[in-house]
Amino acid sequence: MIDELSALRLIKERFQKVSENIAIGIGDDAAAVKINPENLLLATVDSQVEGVHFVKGVISAKELGRKAIAVSVSDIGAMGGIPKFFLASVGFSGEEDEGFLEQLMDGFQSGAEEFKVDLIGGNLSSSQKLFLDITVLGEVEQHLMVKRIGATPKDIIYVSGTLGDSALGLRVLQSKTNREKNWFLISRHILPQPRLKLGRELAKKRLVTSMIDISDGLILDLERITIEHGLGAEIYIEQTPISSYYRDCISDFTKDLYDLALSGGEDYELLFTSPKDKREEIKEISEKLNIKITEIGCVTTKPRVMVLDSNRNEIKVKRRGFIHFGNY
């Protein structure tokens, strides 16, 4: 069976950009289309599919509606853009009632207000399983747009926030342990916080050479801004930022402290590269926005992502991240 990465390669080979108005086509967090001499239209779509991205009973309809918007909005932030509008397509399995729809709309409304986006259309359909497809449209100035490609050797690799909380929160939910006791971890999974202000500030200050939001895991998404463009990376495992909540809970599920932080996915934190001489400016933005930003490694010329211990010996990583149609 074809895996997600192979499918994406085939699609990119078949549909190369053909119009001069397409600034970025397939292969980044969002597509970018020229709408005037100054600005680009950003467009991205993401799905939430029952049994793949969520489990009924584990997340409420309201939480699901808000999350579906948040994960698409996050892609706009990773380009340094401003989200403006969204379209929603929903496939109902027939098990949902009017109350479910009302709660789902409450979630859409909550997300629309929080991220300042307006619902402008969509589609309703029947389906074997419940799914939501959210398309978000945004804009960014041409000279400020940040892409996945652009990192150079010796650039520093940074990540915002802490990693692994969302993946661990899902494990907690699935284990049906005390929801209130582990609310921080659970909230990171069902109520992700896209880093829109941070992405915008980094773009405006021209501090980053490449950027992506972490949706499929740190290792896999780091490969997307390095290996896919002929570069590599070294990351130092002891510098991987993890929360105290994660540290206290992870041993209940695995003996590997950094497993979910490296490859768990759905963090929606920003992963970006920046020249060494921008360290102080990035620190200033971190303090200004009160968002933790951690230096975790550097870009290399060897097309490979290496995880190193405190003695700079390589550590074998069990999983790279989440790949649709394939394995972790």
# chains A, B, ... in the order shown; residues from 1 in each chain; ligands from 1

call {"tool": "residues_around", "arguments": {"residues": "region 224-236 of chain A", "least_positions_apart": "2", "cutoff": "7 Å", "atoms": "only C-alpha atoms", "output": "list of chain:residue names"}}
result
A:Arg148, A:Ile149, A:Ser210, A:Leu220, A:Asp221, A:Leu222, A:Glu238, A:Gln239, A:Thr240, A:Ile296, A:Gly297, A:Cys298, A:Val299, A:Thr300, A:Thr301, A:Lys302, A:Pro303, A:Arg304, A:Val305, A:Met306, A:Val307, A:Leu308, A:Asp309

call {"tool": "write_last_selection", "arguments": {"atoms": "C-alpha atoms", "output": "CSV table (one decimal), in the first residue's frame"}}
result
chain,number,residue,atom,x,y,z
A,148,ARG,CA,10.1,25.5,4.5
A,149,ILE,CA,13.0,25.9,2.2
A,210,SER,CA,12.8,28.4,7.3
A,220,LEU,CA,9.6,14.1,10.7
A,221,ASP,CA,8.9,17.8,10.4
A,222,LEU,CA,12.5,18.7,10.8
A,238,GLU,CA,18.8,17.0,26.5
A,239,GLN,CA,17.8,20.4,25.1
A,240,THR,CA,14.4,19.1,23.8
A,296,ILE,CA,17.7,22.5,20.1
A,297,GLY,CA,20.5,22.0,17.5
A,298,CYS,CA,21.9,23.2,14.2
A,299,VAL,CA,21.6,22.7,10.5
A,300,THR,CA,24.3,20.5,8.8
A,301,THR,CA,25.4,19.7,5.3
A,302,LYS,CA,24.9,15.9,5.6
A,303,PRO,CA,21.3,15.0,4.6
A,304,ARG,CA,20.3,13.2,7.8
A,305,VAL,CA,18.7,14.2,11.1
A,306,MET,CA,20.8,13.0,14.0
A,307,VAL,CA,19.7,12.9,17.6
A,308,LEU,CA,22.7,13.3,19.9
A,309,ASP,CA,23.1,12.7,23.7

call {"tool": "residues_around", "arguments": {"residues": "Ser243 (chain A)", "least_positions_apart": "4", "cutoff": "12 Å", "atoms": "only C-alpha atoms", "output": "MDAnalysis selection string"}}
result
chainID A and resid 161:166 168 184:185 188 247:250 257:258 261 292

call {"tool": "select_by_dssp", "arguments": {"residues": "region 162-308 of chain A", "states": "helix (DSSP H, G or I)", "output": "MDAnalysis selection string"}}
result
chainID A and resid 165:175 183:190 196:204 218:225 227:229 237:239 244:252 259:263 276:289

call {"tool": "write_last_selection", "arguments": {"atoms": "C-alpha atoms", "output": "short mmCIF file (atom, residue, chain, number, x, y, z; two decimals), in the first residue's frame"}}
result
data_model
loop_
_atom_site.label_atom_id
_atom_site.label_comp_id
_atom_site.auth_asym_id
_atom_site.auth_seq_id
_atom_site.Cartn_x
_atom_site.Cartn_y
_atom_site.Cartn_z
CA ASP A 165 2.32 17.16 25.66
CA SER A 166 -0.37 16.61 23.02
CA ALA A 167 0.63 13.03 22.22
CA LEU A 168 0.86 12.21 25.92
CA GLY A 169 -2.49 13.91 26.50
CA LEU A 170 -4.05 11.57 23.94
CA ARG A 171 -2.55 8.56 25.75
CA VAL A 172 -4.05 9.84 29.01
CA LEU A 173 -7.46 10.27 27.38
CA GLN A 174 -7.37 6.80 25.88
CA SER A 175 -6.39 5.28 29.22
CA TRP A 183 -5.88 18.55 32.31
CA PHE A 184 -2.75 20.38 31.11
CA LEU A 185 -1.70 17.46 28.91
CA ILE A 186 -5.25 16.79 27.72
CA SER A 187 -5.82 20.45 26.88
CA ARG A 188 -2.67 20.48 24.73
CA HIS A 189 -4.26 17.72 22.65
CA ILE A 190 -7.85 18.89 22.35
CA LEU A 196 0.15 33.06 15.22
CA LYS A 197 1.70 36.05 17.00
CA LEU A 198 5.10 34.41 17.17
CA GLY A 199 5.07 33.39 13.50
CA ARG A 200 4.06 36.90 12.49
CA GLU A 201 6.69 38.58 14.67
CA LEU A 202 9.50 36.34 13.41
CA ALA A 203 8.47 37.08 9.83
CA LYS A 204 8.21 40.84 10.35
CA LEU A 218 9.67 16.95 15.62
CA ILE A 219 11.92 14.53 13.69
CA LEU A 220 9.65 14.12 10.68
CA ASP A 221 8.87 17.83 10.40
CA LEU A 222 12.55 18.70 10.82
CA GLU A 223 13.29 16.43 7.86
CA ARG A 224 10.82 18.51 5.84
CA ILE A 225 12.87 21.68 6.27
CA ILE A 227 16.59 16.63 4.22
CA GLU A 228 13.94 17.42 1.61
CA HIS A 229 16.08 20.39 0.59
CA ILE A 237 18.22 15.46 23.09
CA GLU A 238 18.77 17.02 26.52
CA GLN A 239 17.80 20.41 25.05
CA SER A 244 6.98 19.30 34.12
CA TYR A 245 3.55 17.73 33.49
CA TYR A 246 5.01 15.59 30.70
CA ARG A 247 8.00 14.62 32.84
CA ASP A 248 5.75 13.53 35.73
CA CYS A 249 3.42 11.45 33.57
CA ILE A 250 5.47 9.93 30.75
CA SER A 251 6.75 6.95 32.79
CA ASP A 252 3.17 5.65 33.04
CA ASP A 259 9.88 9.31 22.76
CA LEU A 260 6.69 11.35 22.41
CA ALA A 261 8.53 14.67 22.46
CA LEU A 262 10.56 13.65 19.40
CA SER A 263 7.87 11.91 17.37
CA LYS A 276 23.62 32.58 14.77
CA ASP A 277 23.78 36.37 14.85
CA LYS A 278 20.00 36.58 15.45
CA ARG A 279 20.13 34.91 18.89
CA GLU A 280 19.55 38.07 20.92
CA GLU A 281 16.66 39.27 18.75
CA ILE A 282 14.93 35.89 19.10
CA LYS A 283 15.44 36.06 22.85
CA GLU A 284 13.83 39.51 22.87
CA ILE A 285 10.78 38.22 20.98
CA SER A 286 10.51 35.29 23.39
CA GLU A 287 10.43 37.70 26.33
CA LYS A 288 8.12 40.16 24.62
CA LEU A 289 5.48 37.52 23.77
#

call {"tool": "atom_distance", "arguments": {"atom1": "CA of Val33 (chain A)", "atom2": "CA of Ile120 (chain A)"}}
result
19.0 Å

call {"tool": "select_by_dssp", "arguments": {"residues": "region 34-191 of chain A", "states": "strand (DSSP E)", "output": "short mmCIF file (atom, residue, chain, number, x, y, z; two decimals) with N, CA and C atoms, in the first residue's frame"}}
result
data_model
loop_
_atom_site.label_atom_id
_atom_site.label_comp_id
_atom_site.auth_asym_id
_atom_site.auth_seq_id
_atom_site.Cartn_x
_atom_site.Cartn_y
_atom_site.Cartn_z
N LYS A 34 -0.22 35.10 -5.87
CA LYS A 34 -0.12 36.56 -5.97
C LYS A 34 -1.50 37.16 -6.27
N ASN A 39 0.94 41.72 -1.84
CA ASN A 39 0.49 40.63 -0.96
C ASN A 39 0.27 39.30 -1.68
N LEU A 40 0.33 38.24 -0.88
CA LEU A 40 0.04 36.90 -1.36
C LEU A 40 -1.18 36.35 -0.62
N LEU A 41 -2.01 35.64 -1.33
CA LEU A 41 -3.11 34.90 -0.72
C LEU A 41 -2.56 33.55 -0.27
N LEU A 42 -2.76 33.21 1.00
CA LEU A 42 -2.35 31.92 1.53
C LEU A 42 -3.57 31.02 1.64
N ALA A 43 -3.42 29.77 1.27
CA ALA A 43 -4.53 28.82 1.33
C ALA A 43 -4.03 27.48 1.84
N THR A 44 -4.72 26.92 2.82
CA THR A 44 -4.34 25.63 3.37
C THR A 44 -5.59 24.85 3.77
N VAL A 45 -5.50 23.53 3.76
CA VAL A 45 -6.63 22.69 4.14
C VAL A 45 -6.12 21.56 5.02
N ASP A 46 -6.91 21.19 6.02
CA ASP A 46 -6.53 20.09 6.90
C ASP A 46 -7.79 19.32 7.27
N SER A 47 -7.61 18.06 7.61
CA SER A 47 -8.73 17.18 7.91
C SER A 47 -8.68 16.64 9.33
N GLN A 48 -9.85 16.37 9.86
CA GLN A 48 -10.00 15.64 11.12
C GLN A 48 -10.92 14.46 10.81
N VAL A 49 -10.37 13.26 10.80
CA VAL A 49 -11.13 12.07 10.41
C VAL A 49 -11.31 11.15 11.61
N ILE A 82 -1.41 36.06 8.17
CA ILE A 82 -2.56 36.40 9.00
C ILE A 82 -3.78 35.67 8.46
N PRO A 83 -4.41 34.79 9.24
CA PRO A 83 -5.61 34.09 8.77
C PRO A 83 -6.79 35.04 8.66
N LYS A 84 -7.64 34.82 7.65
CA LYS A 84 -8.77 35.74 7.42
C LYS A 84 -10.11 35.02 7.35
N PHE A 85 -10.19 33.94 6.57
CA PHE A 85 -11.47 33.27 6.32
C PHE A 85 -11.30 31.76 6.39
N PHE A 86 -12.42 31.05 6.58
CA PHE A 86 -12.35 29.59 6.50
C PHE A 86 -13.61 29.02 5.87
N LEU A 87 -13.45 27.86 5.24
CA LEU A 87 -14.54 27.08 4.70
C LEU A 87 -14.53 25.73 5.40
N ALA A 88 -15.72 25.19 5.66
CA ALA A 88 -15.82 23.93 6.40
C ALA A 88 -16.65 22.92 5.64
N SER A 89 -16.07 21.74 5.39
CA SER A 89 -16.81 20.62 4.82
C SER A 89 -16.91 19.54 5.89
N VAL A 90 -18.12 19.06 6.11
CA VAL A 90 -18.35 18.08 7.17
C VAL A 90 -19.08 16.88 6.59
N GLY A 91 -18.55 15.69 6.88
CA GLY A 91 -19.23 14.46 6.50
C GLY A 91 -19.79 13.80 7.74
N PHE A 92 -21.11 13.61 7.78
CA PHE A 92 -21.77 13.02 8.94
C PHE A 92 -22.02 11.53 8.71
N ASP A 118 -13.51 34.37 9.52
CA ASP A 118 -14.94 34.32 9.23
C ASP A 118 -15.26 33.09 8.38
N LEU A 119 -16.35 32.40 8.72
CA LEU A 119 -16.82 31.28 7.91
C LEU A 119 -17.51 31.83 6.66
N ILE A 120 -17.04 31.39 5.48
CA ILE A 120 -17.59 31.94 4.23
C ILE A 120 -18.18 30.88 3.33
N GLY A 121 -18.23 29.62 3.77
CA GLY A 121 -18.82 28.58 2.93
C GLY A 121 -18.37 27.20 3.34
N GLY A 122 -18.75 26.20 2.54
CA GLY A 122 -18.36 24.84 2.84
C GLY A 122 -19.26 23.83 2.17
N ASN A 123 -19.38 22.65 2.77
CA ASN A 123 -20.17 21.58 2.17
C ASN A 123 -20.57 20.58 3.24
N LEU A 124 -21.74 19.97 3.08
CA LEU A 124 -22.21 18.92 3.97
C LEU A 124 -22.42 17.65 3.17
N SER A 125 -22.07 16.51 3.77
CA SER A 125 -22.16 15.24 3.05
C SER A 125 -22.41 14.12 4.04
N SER A 126 -22.89 13.00 3.52
CA SER A 126 -22.96 11.79 4.33
C SER A 126 -21.64 11.03 4.16
N PHE A 131 -16.11 13.24 9.47
CA PHE A 131 -14.88 13.95 9.14
C PHE A 131 -15.16 15.44 9.00
N LEU A 132 -14.11 16.23 9.21
CA LEU A 132 -14.17 17.67 9.01
C LEU A 132 -12.99 18.08 8.15
N ASP A 133 -13.24 18.82 7.07
CA ASP A 133 -12.17 19.41 6.26
C ASP A 133 -12.28 20.93 6.40
N ILE A 134 -11.23 21.55 6.87
CA ILE A 134 -11.23 23.00 7.07
C ILE A 134 -10.21 23.65 6.16
N THR A 135 -10.67 24.55 5.30
CA THR A 135 -9.80 25.35 4.45
C THR A 135 -9.70 26.74 5.04
N VAL A 136 -8.48 27.22 5.25
CA VAL A 136 -8.27 28.57 5.78
C VAL A 136 -7.56 29.41 4.73
N LEU A 137 -8.06 30.61 4.54
CA LEU A 137 -7.45 31.57 3.63
C LEU A 137 -6.85 32.71 4.45
N GLY A 138 -5.66 33.13 4.08
CA GLY A 138 -5.00 34.22 4.79
C GLY A 138 -4.19 35.05 3.82
N GLU A 139 -3.40 35.96 4.37
CA GLU A 139 -2.57 36.79 3.51
C GLU A 139 -1.24 37.10 4.19
N VAL A 140 -0.25 37.41 3.38
CA VAL A 140 1.06 37.79 3.87
C VAL A 140 1.73 38.66 2.81
N GLU A 141 2.53 39.61 3.25
CA GLU A 141 3.29 40.43 2.32
C GLU A 141 4.33 39.56 1.63
N ILE A 156 20.93 27.92 13.43
CA ILE A 156 20.46 27.32 14.67
C ILE A 156 19.03 26.85 14.48
N ILE A 157 18.69 25.73 15.10
CA ILE A 157 17.33 25.19 15.06
C ILE A 157 16.64 25.52 16.38
N TYR A 158 15.47 26.14 16.28
CA TYR A 158 14.69 26.52 17.46
C TYR A 158 13.32 25.86 17.43
N VAL A 159 12.72 25.76 18.60
CA VAL A 159 11.34 25.30 18.70
C VAL A 159 10.65 26.11 19.80
N SER A 160 9.38 26.42 19.59
CA SER A 160 8.62 27.14 20.60
C SER A 160 7.96 26.18 21.58
#

call {"tool": "residues_around", "arguments": {"residues": "Glu114 (chain A)", "least_positions_apart": "4", "cutoff": "10 Å", "atoms": "only C-alpha atoms", "output": "list in words"}}
result
Arg66, Ile69, Ala70, Phe108, Gln109 and Ser110 of chain A

call {"tool": "write_last_selection", "arguments": {"atoms": "C-alpha atoms", "output": "PDB file, in the first residue's frame"}}
result
ATOM      1  CA  ARG A  66     -12.511  24.475  17.553  1.00  0.00           C
ATOM      2  CA  ILE A  69      -9.955  25.398  12.822  1.00  0.00           C
ATOM      3  CA  ALA A  70      -6.871  25.722  15.036  1.00  0.00           C
ATOM      4  CA  PHE A 108     -16.600  26.603  14.937  1.00  0.00           C
ATOM      5  CA  GLN A 109     -17.856  29.850  16.417  1.00  0.00           C
ATOM      6  CA  SER A 110     -15.375  29.676  19.283  1.00  0.00           C
TER       7      SER A 110
END

call {"tool": "closest_residue", "arguments": {"among": "A:Ser274, A:Ser310, A:Gln103, A:Gln128", "to": "Lys205 (chain A)", "atoms": "only C-alpha atoms"}}
result
A:Ser274

call {"tool": "closest_residue", "arguments": {"among": "A:Pro194, A:Ile59, A:Ala112, A:Glu102", "to": "Arg179 (chain A)", "atoms": "only C-alpha atoms"}}
result
A:Ile59

call {"tool": "decode", "arguments": {"residues": "region 125-161 of chain A", "atoms": "N, CA and C atoms", "output": "compact mmCIF listing (two decimals), in the first residue's frame"}}
result
# COMPACT_ATOMS: atom_id res chain seq x y z
N SER A 125 -22.07 16.51 3.77
CA SER A 125 -22.16 15.24 3.05
C SER A 125 -22.41 14.12 4.04
N SER A 126 -22.89 13.00 3.52
CA SER A 126 -22.96 11.79 4.33
C SER A 126 -21.64 11.03 4.16
N SER A 127 -21.27 10.24 5.17
CA SER A 127 -20.00 9.55 5.14
C SER A 127 -20.07 8.33 6.05
N GLN A 128 -19.22 7.34 5.78
CA GLN A 128 -19.17 6.18 6.67
C GLN A 128 -18.63 6.55 8.04
N LYS A 129 -17.70 7.53 8.08
CA LYS A 129 -17.17 8.03 9.33
C LYS A 129 -17.25 9.55 9.34
N LEU A 130 -17.37 10.10 10.52
CA LEU A 130 -17.41 11.55 10.67
C LEU A 130 -16.06 12.15 10.26
N PHE A 131 -16.11 13.24 9.47
CA PHE A 131 -14.88 13.95 9.14
C PHE A 131 -15.16 15.44 9.00
N LEU A 132 -14.11 16.23 9.21
CA LEU A 132 -14.17 17.67 9.01
C LEU A 132 -12.99 18.08 8.15
N ASP A 133 -13.24 18.82 7.07
CA ASP A 133 -12.17 19.41 6.26
C ASP A 133 -12.28 20.93 6.40
N ILE A 134 -11.23 21.55 6.87
CA ILE A 134 -11.23 23.00 7.07
C ILE A 134 -10.21 23.65 6.16
N THR A 135 -10.67 24.55 5.30
CA THR A 135 -9.80 25.35 4.45
C THR A 135 -9.70 26.74 5.04
N VAL A 136 -8.48 27.22 5.25
CA VAL A 136 -8.27 28.57 5.78
C VAL A 136 -7.56 29.41 4.73
N LEU A 137 -8.06 30.61 4.54
CA LEU A 137 -7.45 31.57 3.63
C LEU A 137 -6.85 32.71 4.45
N GLY A 138 -5.66 33.13 4.08
CA GLY A 138 -5.00 34.22 4.79
C GLY A 138 -4.19 35.05 3.82
N GLU A 139 -3.40 35.96 4.37
CA GLU A 139 -2.57 36.79 3.51
C GLU A 139 -1.24 37.10 4.19
N VAL A 140 -0.25 37.41 3.38
CA VAL A 140 1.06 37.79 3.87
C VAL A 140 1.73 38.66 2.81
N GLU A 141 2.53 39.61 3.25
CA GLU A 141 3.29 40.43 2.32
C GLU A 141 4.33 39.56 1.63
N GLN A 142 4.53 39.78 0.34
CA GLN A 142 5.46 38.94 -0.43
C GLN A 142 6.84 38.91 0.19
N HIS A 143 7.33 40.04 0.68
CA HIS A 143 8.70 40.10 1.18
C HIS A 143 8.84 39.54 2.60
N LEU A 144 7.70 39.22 3.24
CA LEU A 144 7.75 38.68 4.60
C LEU A 144 7.46 37.18 4.68
N MET A 145 6.97 36.60 3.63
CA MET A 145 6.57 35.19 3.68
C MET A 145 7.76 34.28 4.03
N VAL A 146 7.50 33.34 4.94
CA VAL A 146 8.52 32.37 5.35
C VAL A 146 8.15 31.01 4.77
N LYS A 147 9.14 30.33 4.19
CA LYS A 147 8.90 29.02 3.57
C LYS A 147 9.62 27.92 4.33
N ARG A 148 9.33 26.68 3.96
CA ARG A 148 10.08 25.55 4.52
C ARG A 148 11.51 25.54 4.01
N ILE A 149 11.70 25.92 2.77
CA ILE A 149 13.04 25.94 2.19
C ILE A 149 13.71 27.27 2.51
N GLY A 150 15.00 27.25 2.79
CA GLY A 150 15.72 28.49 3.05
C GLY A 150 16.81 28.36 4.10
N ALA A 151 16.80 27.27 4.87
CA ALA A 151 17.82 27.07 5.89
C ALA A 151 19.19 26.92 5.24
N THR A 152 20.24 27.31 5.96
CA THR A 152 21.60 27.16 5.47
C THR A 152 22.44 26.46 6.55
N PRO A 153 23.50 25.77 6.15
CA PRO A 153 24.34 25.09 7.13
C PRO A 153 24.80 26.03 8.24
N LYS A 154 24.82 25.51 9.47
CA LYS A 154 25.20 26.21 10.70
C LYS A 154 24.10 27.10 11.26
N ASP A 155 22.95 27.20 10.56
CA ASP A 155 21.80 27.88 11.17
C ASP A 155 21.43 27.16 12.46
N ILE A 156 20.93 27.92 13.43
CA ILE A 156 20.46 27.32 14.67
C ILE A 156 19.03 26.85 14.48
N ILE A 157 18.69 25.73 15.10
CA ILE A 157 17.33 25.19 15.06
C ILE A 157 16.64 25.52 16.38
N TYR A 158 15.47 26.14 16.28
CA TYR A 158 14.69 26.52 17.46
C TYR A 158 13.32 25.86 17.43
N VAL A 159 12.72 25.76 18.60
CA VAL A 159 11.34 25.30 18.70
C VAL A 159 10.65 26.11 19.80
N SER A 160 9.38 26.42 19.59
CA SER A 160 8.62 27.14 20.60
C SER A 160 7.96 26.18 21.58
N GLY A 161 7.64 26.67 22.76
CA GLY A 161 6.88 25.89 23.74
C GLY A 161 7.56 24.63 24.20
